[in-house]
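Raw contents of target_21.pdb, PDB, C-alpha atoms:
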ATOM      1  CA  MET A   1      -9.297  -8.725 -21.857
ATOM      2  CA  ILE A   2      -8.571  -5.830 -19.543
ATOM      3  CA  SER A   3     -10.629  -2.637 -20.051
ATOM      4  CA  GLU A   4      -9.083   0.813 -20.448
ATOM      5  CA  THR A   5     -10.263   1.877 -16.982
ATOM      6  CA  GLY A   6      -8.982  -1.416 -15.585
ATOM      7  CA  LYS A   7      -5.586  -0.666 -17.154
ATOM      8  CA  ALA A   8      -5.643   2.849 -15.704
ATOM      9  CA  VAL A   9      -6.411   1.622 -12.182
ATOM     10  CA  LEU A  10      -3.757  -1.100 -12.402
ATOM     11  CA  PHE A  11      -1.241   1.463 -13.714
ATOM     12  CA  ALA A  12      -2.080   3.838 -10.851
ATOM     13  CA  SER A  13      -1.638   1.033  -8.324
ATOM     14  CA  CYS A  14       1.691  -0.011  -9.848
ATOM     15  CA  SER A  15       2.848   3.626  -9.802
ATOM     16  CA  ILE A  16       1.937   4.174  -6.153
ATOM     17  CA  LEU A  17       3.520   0.898  -5.066
ATOM     18  CA  GLY A  18       6.530   1.848  -7.203
ATOM     19  CA  GLN A  19       6.868   5.150  -5.341
ATOM     20  CA  GLN A  20       6.847   3.323  -2.022
ATOM     21  CA  LEU A  21       9.416   0.803  -3.275
ATOM     22  CA  SER A  22      11.598   3.630  -4.596
ATOM     23  CA  LEU A  23      11.464   5.394  -1.221
ATOM     24  CA  CYS A  24      12.493   2.180   0.574
ATOM     25  CA  GLU A  25      15.342   1.579  -1.899
ATOM     26  CA  ARG A  26      16.647   5.133  -1.455
ATOM     27  CA  ILE A  27      16.497   4.854   2.331
ATOM     28  CA  ALA A  28      18.188   1.430   2.192
ATOM     29  CA  ALA A  29      21.015   2.985   0.149
ATOM     30  CA  ASN A  30      21.699   5.550   2.901
ATOM     31  CA  PRO A  31      22.655   3.905   6.229
ATOM     32  CA  LEU A  32      22.260   7.269   7.985
ATOM     33  CA  LEU A  33      18.498   7.035   7.384
ATOM     34  CA  HIS A  34      17.901   3.453   8.551
ATOM     35  CA  SER A  35      16.970   4.402  12.103
ATOM     36  CA  THR A  36      14.875   7.341  10.855
ATOM     37  CA  TYR A  37      12.813   4.923   8.763
ATOM     38  CA  SER A  38      11.705   2.973  11.832
ATOM     39  CA  ARG A  39      11.632   5.789  14.404
ATOM     40  CA  LYS A  40       8.185   6.468  15.853
ATOM     41  CA  CYS A  41       6.996  10.036  15.346
ATOM     42  CA  SER A  42       5.465  11.459  18.529
ATOM     43  CA  VAL A  43       2.971  13.576  16.555
ATOM     44  CA  ALA A  44       1.761  10.807  14.213
ATOM     45  CA  GLY A  45       2.100   8.009  16.779
ATOM     46  CA  ALA A  46       3.744   5.773  14.189
ATOM     47  CA  SER A  47       6.879   5.467  12.072
ATOM     48  CA  MET A  48       7.283   5.868   8.333
ATOM     49  CA  ALA A  49       7.917   2.129   8.233
ATOM     50  CA  SER A  50       4.630   1.288   9.955
ATOM     51  CA  HIS A  51       2.675   3.428   7.476
ATOM     52  CA  LEU A  52       4.464   1.752   4.569
ATOM     53  CA  ARG A  53       3.755  -1.687   6.034
ATOM     54  CA  HIS A  54       0.103  -0.851   6.622
ATOM     55  CA  SER A  55      -0.562   0.335   3.079
ATOM     56  CA  LEU A  56       1.425  -2.578   1.632
ATOM     57  CA  ASP A  57      -0.684  -5.004   3.685
ATOM     58  CA  HIS A  58      -3.837  -3.959   1.844
ATOM     59  CA  TYR A  59      -2.286  -4.503  -1.582
ATOM     60  CA  SER A  60      -0.691  -7.792  -0.489
ATOM     61  CA  ILE A  61      -3.907  -9.189   0.956
ATOM     62  CA  LEU A  62      -5.892  -8.281  -2.156
ATOM     63  CA  CYS A  63      -3.295  -9.509  -4.666
ATOM     64  CA  ARG A  64      -2.553 -12.749  -2.838
ATOM     65  CA  ASN A  65      -6.221 -13.629  -2.511
ATOM     66  CA  VAL A  66      -6.917 -12.894  -6.180
ATOM     67  CA  VAL A  67      -3.875 -14.736  -7.530
ATOM     68  CA  HIS A  68      -4.572 -17.809  -5.357
ATOM     69  CA  HIS A  69      -8.359 -17.783  -5.823
ATOM     70  CA  ASP A  70      -9.949 -20.990  -7.062
ATOM     71  CA  PRO A  71     -12.978 -19.966  -9.164
ATOM     72  CA  ASN A  72     -14.329 -23.511  -8.832
ATOM     73  CA  THR A  73     -14.921 -23.073  -5.098
ATOM     74  CA  LYS A  74     -16.481 -19.599  -4.864
ATOM     75  CA  MET A  75     -17.679 -17.036  -7.345
ATOM     76  CA  SER A  76     -16.133 -14.055  -5.543
ATOM     77  CA  VAL A  77     -12.766 -13.562  -3.908
ATOM     78  CA  GLU A  78     -13.000 -12.957  -0.166
ATOM     79  CA  VAL A  79     -10.646 -10.290   1.120
ATOM     80  CA  PHE A  80     -10.395  -9.585   4.853
ATOM     81  CA  TYR A  81      -8.297  -6.418   5.037
ATOM     82  CA  ASP A  82      -8.163  -6.406   8.833
ATOM     83  CA  GLU A  83      -6.239  -9.678   8.938
ATOM     84  CA  ARG A  84      -2.856  -7.974   8.933
ATOM     85  CA  LYS A  85       0.442  -8.740  10.584
ATOM     86  CA  ARG A  86       1.862  -5.992  12.750
ATOM     87  CA  ASN A  87       5.412  -5.315  13.890
ATOM     88  CA  VAL A  88       6.830  -7.375  11.055
ATOM     89  CA  ALA A  89      10.502  -7.284  10.081
ATOM     90  CA  MET A  90      10.001  -4.579   7.447
ATOM     91  CA  GLU A  91       9.078  -2.108  10.191
ATOM     92  CA  GLN A  92      12.605  -2.384  11.639
ATOM     93  CA  ASP A  93      14.690  -3.301   8.597
ATOM     94  CA  VAL A  94      14.289  -1.197   5.449
ATOM     95  CA  GLN A  95      15.881  -3.921   3.297
ATOM     96  CA  LYS A  96      13.047  -6.246   4.372
ATOM     97  CA  GLY A  97      10.703  -3.447   3.245
ATOM     98  CA  VAL A  98      12.363  -3.394  -0.175
ATOM     99  CA  GLU A  99      11.910  -7.172  -0.453
ATOM    100  CA  ALA A 100       8.240  -7.003   0.621
ATOM    101  CA  PHE A 101       7.452  -4.249  -1.896
ATOM    102  CA  ARG A 102       9.202  -6.154  -4.700
ATOM    103  CA  GLU A 103       7.230  -9.296  -3.883
ATOM    104  CA  CYS A 104       3.932  -7.424  -3.850
ATOM    105  CA  SER A 105       4.800  -5.592  -7.087
ATOM    106  CA  GLY A 106       5.261  -8.976  -8.741
ATOM    107  CA  LEU A 107       1.838 -10.093  -7.539
ATOM    108  CA  LEU A 108       0.289  -6.815  -8.661
ATOM    109  CA  THR A 109       1.571  -7.192 -12.216
ATOM    110  CA  ARG A 110       0.014 -10.670 -12.350
ATOM    111  CA  LEU A 111      -3.419  -9.044 -12.015
ATOM    112  CA  GLU A 112      -3.206  -8.219 -15.743
ATOM    113  CA  GLU A 113      -4.281 -11.849 -16.240
ATOM    114  CA  PHE A 114      -7.675 -11.175 -14.613
ATOM    115  CA  ASP A 115     -10.824  -9.350 -15.629
ATOM    116  CA  ILE A 116     -10.181  -6.376 -13.384
ATOM    117  CA  SER A 117     -13.443  -4.600 -14.187
ATOM    118  CA  HIS A 118     -15.751  -7.547 -13.546
ATOM    119  CA  MET A 119     -14.015  -9.932 -11.160
ATOM    120  CA  LYS A 120     -16.158 -10.099  -8.031
ATOM    121  CA  ILE A 121     -14.490  -9.297  -4.732
ATOM    122  CA  SER A 122     -16.078  -9.622  -1.291
ATOM    123  CA  PRO A 123     -14.147  -7.249   0.960
ATOM    124  CA  MET A 124     -14.694  -7.729   4.669
ATOM    125  CA  PHE A 125     -13.985  -5.305   7.491
ATOM    126  CA  GLN A 126     -14.283  -5.452  11.238
ATOM    127  CA  ILE A 127     -16.800  -2.681  11.963
ATOM    128  CA  GLY A 128     -17.069  -2.968  15.729
ATOM    129  CA  GLN A 129     -14.968  -3.927  18.681
ATOM    130  CA  ALA A 130     -16.842  -7.188  19.260
ATOM    131  CA  ASP A 131     -15.431  -8.943  16.179
ATOM    132  CA  GLN A 132     -18.425  -7.880  14.103
ATOM    133  CA  VAL A 133     -17.409  -8.239  10.460
ATOM    134  CA  SER A 134     -19.293  -6.833   7.488
ATOM    135  CA  GLU A 135     -18.947  -8.109   3.954
ATOM    136  CA  PHE A 136     -19.499  -5.958   0.867
ATOM    137  CA  ASP A 137     -19.905  -6.514  -2.868
ATOM    138  CA  SER A 138     -17.198  -5.059  -5.057
ATOM    139  CA  THR A 139     -14.973  -5.646  -8.075
ATOM    140  CA  LEU A 140     -11.234  -6.037  -8.433
ATOM    141  CA  LYS A 141     -11.053  -2.633 -10.137
ATOM    142  CA  ARG A 142     -12.833  -0.934  -7.242
ATOM    143  CA  GLU A 143     -10.651  -2.685  -4.651
ATOM    144  CA  LEU A 144      -7.466  -1.771  -6.496
ATOM    145  CA  TRP A 145      -8.592   1.851  -6.413
ATOM    146  CA  PHE A 146      -9.422   1.519  -2.708
ATOM    147  CA  CYS A 147      -5.872   0.259  -2.076
ATOM    148  CA  ALA A 148      -4.397   3.067  -4.189
ATOM    149  CA  HIS A 149      -6.444   5.749  -2.455
ATOM    150  CA  HIS A 150      -5.579   4.262   0.931
ATOM    151  CA  ALA A 151      -1.860   4.179   0.065
ATOM    152  CA  ILE A 152      -1.894   7.816  -1.115
ATOM    153  CA  HIS A 153      -3.222   8.903   2.269
ATOM    154  CA  HIS A 154      -0.565   6.895   4.091
ATOM    155  CA  ASN A 155       2.072   8.354   1.778
ATOM    156  CA  ALA A 156       0.907  11.818   2.825
ATOM    157  CA  MET A 157       1.354  10.778   6.469
ATOM    158  CA  ILE A 158       4.840   9.451   5.703
ATOM    159  CA  LEU A 159       5.760  12.754   4.089
ATOM    160  CA  MET A 160       4.388  14.628   7.105
ATOM    161  CA  ILE A 161       6.514  12.460   9.431
ATOM    162  CA  ALA A 162       9.599  13.244   7.322
ATOM    163  CA  ASN A 163       8.853  16.955   7.524
ATOM    164  CA  LEU A 164       8.662  16.691  11.337
ATOM    165  CA  ILE A 165      12.198  15.314  11.729
ATOM    166  CA  SER A 166      13.839  17.760  14.124
ATOM    167  CA  ASP A 167      17.415  17.480  12.894
ATOM    168  CA  GLU A 168      17.639  19.636   9.752
ATOM    169  CA  THR A 169      20.379  17.604   8.060
ATOM    170  CA  GLU A 170      18.559  14.327   8.700
ATOM    171  CA  ARG A 171      15.237  15.864   7.555
ATOM    172  CA  ASN A 172      16.770  17.165   4.319
ATOM    173  CA  MET A 173      18.446  13.821   3.598
ATOM    174  CA  MET A 174      15.133  12.034   4.135
ATOM    175  CA  LEU A 175      13.101  14.501   2.092
ATOM    176  CA  SER A 176      15.540  14.159  -0.822
ATOM    177  CA  SER A 177      14.708  10.415  -0.842
ATOM    178  CA  PHE A 178      11.057  10.994  -1.751
ATOM    179  CA  PRO A 179       9.916  10.469  -5.350
ATOM    180  CA  GLY A 180       8.016  13.350  -6.980
ATOM    181  CA  ASP A 181       4.262  13.602  -6.317
ATOM    182  CA  PHE A 182       4.605  11.292  -3.294
ATOM    183  CA  GLY A 183       1.457  11.503  -1.155
ATOM    184  CA  LEU A 184      -0.554  13.446  -3.724
ATOM    185  CA  ALA A 185      -3.803  12.128  -5.183
ATOM    186  CA  PRO A 186      -4.241  12.379  -8.973
ATOM    187  CA  ALA A 187      -6.945  15.036  -8.507
ATOM    188  CA  THR A 188      -4.563  17.087  -6.335
ATOM    189  CA  ILE A 189      -1.786  16.841  -8.924
ATOM    190  CA  THR A 190      -4.221  18.026 -11.616
ATOM    191  CA  ALA A 191      -5.432  20.905  -9.419
ATOM    192  CA  LEU A 192      -1.860  22.045  -8.758
ATOM    193  CA  LYS A 193      -1.042  22.319 -12.477
TER     194      LYS A 193
END

Kindly transcribe the structure held in the file into structure tokens.
Amino acid sequence: MISETGKAVLFASCSILGQQLSLCERIAANPLLHSTYSRKCSVAGASMASHLRHSLDHYSILCRNVVHHDPNTKMSVEVFYDERKRNVAMEQDVQKGVEAFRECSGLLTRLEEFDISHMKISPMFQIGQADQVSEFDSTLKRELWFCAHHAIHHNAMILMIANLISDETERNMMLSSFPGDFGLAPATITALK
């Protein structure tokens, strides 16, 4: 059975991923914005698409590893967040982004089947340049919140990139594609009320 806090964290994750999917769908529906989606911003050093891909990678890695975990082999689910693909199709083609977000959303909803609060996760990160990897002890609930928090920060960067679009018409079209509260943490939303 999923705890109330587990439900809240899963709901938050679904909402954030849903915002990103909604943004991709709105951009996909407007051909005038397709090149804007993948255009590298000189200030941020990345495109909106690369930030979306990066935050999606974290959710995808976590969800895939949990859903495909065999509890008979290991007690905890190993998650190596740094094992990401870069320059994938979704960074150039917004429709591929829509498909990737839909696939990950399906995996995310499957996490309702698991004990989010107590399922052991072993996240691993490369902490040095010499392939030094550190492993930590965590839970699925904590890792879902990590992914949510991480995605919120990337959403803020995406919004900043949109605000830096030099052409006013293009900038306004892009900004009108953003769902409400995009890039704002729950604590920020509460503080703004």

Run the PyMOL selection byres ((chain A and resi 12) around 12) mentally over the shown coordinates, then write out the matched residues as an MDAnalysis selection string, using the chain letters and numbers from the document. chainID A and resid 5:11 13:19 108:109 141 144:149 151:152 185:186

Separation of atom CA of A:Ser177 from atom CA of A:Ile27, in Å and rounded to one decimal: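 Straight-line distance from atom CA of A:Ser177 to atom CA of A:Ile27 works out to 6.6 Å.
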
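The nearest approach to A:Ala46 among the residues A:Lys120, A:His58, A:His154, A:His34, with only C-alpha atoms taken into account, belongs to A:His154.
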
For the PyMOL selection byres ((chain A and resi 74-78) around 8), applied here, can you spell out every residue it catches as a VMD selection string? chain A and resid 65 to 66 69 to 73 79 to 80 119 to 124

Go through the shown structure with the PyMOL selection byres ((chain A and resi 100-104) around 9) and write out the matching residues as an MDAnalysis selection string. chainID A and resid 17:18 20:21 24 53 56 59:60 63:64 90 95:99 105:109

Would you fill out stretch 157-168 of chain A with all heavy atoms and return it as an mmCIF file, in the frame of the given file?
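Output file rebuild09.cif follows:
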data_model
loop_
_atom_site.group_PDB
_atom_site.id
_atom_site.type_symbol
_atom_site.label_atom_id
_atom_site.label_comp_id
_atom_site.auth_asym_id
_atom_site.auth_seq_id
_atom_site.Cartn_x
_atom_site.Cartn_y
_atom_site.Cartn_z
ATOM 1 N N MET A 157 0.932 10.858 5.060
ATOM 2 C CA MET A 157 1.354 10.778 6.469
ATOM 3 C C MET A 157 2.866 10.551 6.569
ATOM 4 O O MET A 157 3.531 11.140 7.431
ATOM 5 C CB MET A 157 0.613 9.650 7.195
ATOM 6 C CG MET A 157 -0.857 9.908 7.414
ATOM 7 S SD MET A 157 -1.152 11.276 8.553
ATOM 8 C CE MET A 157 -0.464 10.630 10.068
ATOM 9 N N ILE A 158 3.396 9.725 5.709
ATOM 10 C CA ILE A 158 4.840 9.451 5.703
ATOM 11 C C ILE A 158 5.608 10.734 5.399
ATOM 12 O O ILE A 158 6.607 11.051 6.058
ATOM 13 C CB ILE A 158 5.167 8.343 4.679
ATOM 14 C CG1 ILE A 158 4.556 7.005 5.135
ATOM 15 C CG2 ILE A 158 6.675 8.218 4.452
ATOM 16 C CD1 ILE A 158 4.453 5.966 4.039
ATOM 17 N N LEU A 159 5.129 11.489 4.440
ATOM 18 C CA LEU A 159 5.760 12.754 4.089
ATOM 19 C C LEU A 159 5.673 13.749 5.256
ATOM 20 O O LEU A 159 6.634 14.464 5.544
ATOM 21 C CB LEU A 159 5.111 13.329 2.829
ATOM 22 C CG LEU A 159 5.765 14.544 2.195
ATOM 23 C CD1 LEU A 159 7.233 14.288 1.861
ATOM 24 C CD2 LEU A 159 5.008 14.936 0.929
ATOM 25 N N MET A 160 4.542 13.757 5.940
ATOM 26 C CA MET A 160 4.388 14.628 7.105
ATOM 27 C C MET A 160 5.405 14.239 8.191
ATOM 28 O O MET A 160 6.060 15.098 8.782
ATOM 29 C CB MET A 160 2.975 14.532 7.672
ATOM 30 C CG MET A 160 2.756 15.435 8.892
ATOM 31 S SD MET A 160 1.371 14.944 9.909
ATOM 32 C CE MET A 160 2.010 13.487 10.712
ATOM 33 N N ILE A 161 5.548 12.935 8.434
ATOM 34 C CA ILE A 161 6.514 12.460 9.431
ATOM 35 C C ILE A 161 7.923 12.916 9.051
ATOM 36 O O ILE A 161 8.687 13.388 9.903
ATOM 37 C CB ILE A 161 6.431 10.927 9.590
ATOM 38 C CG1 ILE A 161 5.101 10.531 10.243
ATOM 39 C CG2 ILE A 161 7.620 10.394 10.391
ATOM 40 C CD1 ILE A 161 4.807 9.039 10.199
ATOM 41 N N ALA A 162 8.271 12.811 7.772
ATOM 42 C CA ALA A 162 9.599 13.244 7.322
ATOM 43 C C ALA A 162 9.796 14.739 7.551
ATOM 44 O O ALA A 162 10.874 15.176 7.955
ATOM 45 C CB ALA A 162 9.794 12.901 5.849
ATOM 46 N N ASN A 163 8.760 15.509 7.315
ATOM 47 C CA ASN A 163 8.853 16.955 7.524
ATOM 48 C C ASN A 163 8.972 17.330 8.997
ATOM 49 O O ASN A 163 9.395 18.444 9.315
ATOM 50 C CB ASN A 163 7.654 17.667 6.896
ATOM 51 C CG ASN A 163 7.875 17.941 5.427
ATOM 52 O OD1 ASN A 163 8.727 18.733 5.055
ATOM 53 N ND2 ASN A 163 7.113 17.261 4.584
ATOM 54 N N LEU A 164 8.595 16.433 9.898
ATOM 55 C CA LEU A 164 8.662 16.691 11.337
ATOM 56 C C LEU A 164 9.988 16.267 11.975
ATOM 57 O O LEU A 164 10.181 16.452 13.177
ATOM 58 C CB LEU A 164 7.502 15.992 12.050
ATOM 59 C CG LEU A 164 6.115 16.579 11.777
ATOM 60 C CD1 LEU A 164 5.034 15.677 12.358
ATOM 61 C CD2 LEU A 164 6.002 17.992 12.336
ATOM 62 N N ILE A 165 10.899 15.706 11.191
ATOM 63 C CA ILE A 165 12.198 15.314 11.729
ATOM 64 C C ILE A 165 12.896 16.573 12.240
ATOM 65 O O ILE A 165 13.042 17.554 11.506
ATOM 66 C CB ILE A 165 13.050 14.604 10.657
ATOM 67 C CG1 ILE A 165 12.374 13.283 10.243
ATOM 68 C CG2 ILE A 165 14.479 14.364 11.159
ATOM 69 C CD1 ILE A 165 13.000 12.617 9.030
ATOM 70 N N SER A 166 13.304 16.544 13.497
ATOM 71 C CA SER A 166 13.839 17.760 14.124
ATOM 72 C C SER A 166 15.226 18.142 13.623
ATOM 73 O O SER A 166 15.525 19.325 13.469
ATOM 74 C CB SER A 166 13.831 17.624 15.650
ATOM 75 O OG SER A 166 14.599 16.510 16.033
ATOM 76 N N ASP A 167 16.071 17.178 13.374
ATOM 77 C CA ASP A 167 17.415 17.480 12.894
ATOM 78 C C ASP A 167 17.343 17.884 11.417
ATOM 79 O O ASP A 167 16.909 17.097 10.573
ATOM 80 C CB ASP A 167 18.325 16.263 13.076
ATOM 81 C CG ASP A 167 19.737 16.530 12.606
ATOM 82 O OD1 ASP A 167 20.542 17.030 13.410
ATOM 83 O OD2 ASP A 167 20.019 16.244 11.416
ATOM 84 N N GLU A 168 17.785 19.090 11.109
ATOM 85 C CA GLU A 168 17.639 19.636 9.752
ATOM 86 C C GLU A 168 18.385 18.817 8.706
ATOM 87 O O GLU A 168 17.863 18.549 7.625
ATOM 88 C CB GLU A 168 18.112 21.088 9.714
ATOM 89 C CG GLU A 168 17.901 21.747 8.370
ATOM 90 C CD GLU A 168 18.337 23.208 8.340
ATOM 91 O OE1 GLU A 168 18.828 23.728 9.361
ATOM 92 O OE2 GLU A 168 18.180 23.827 7.270
#
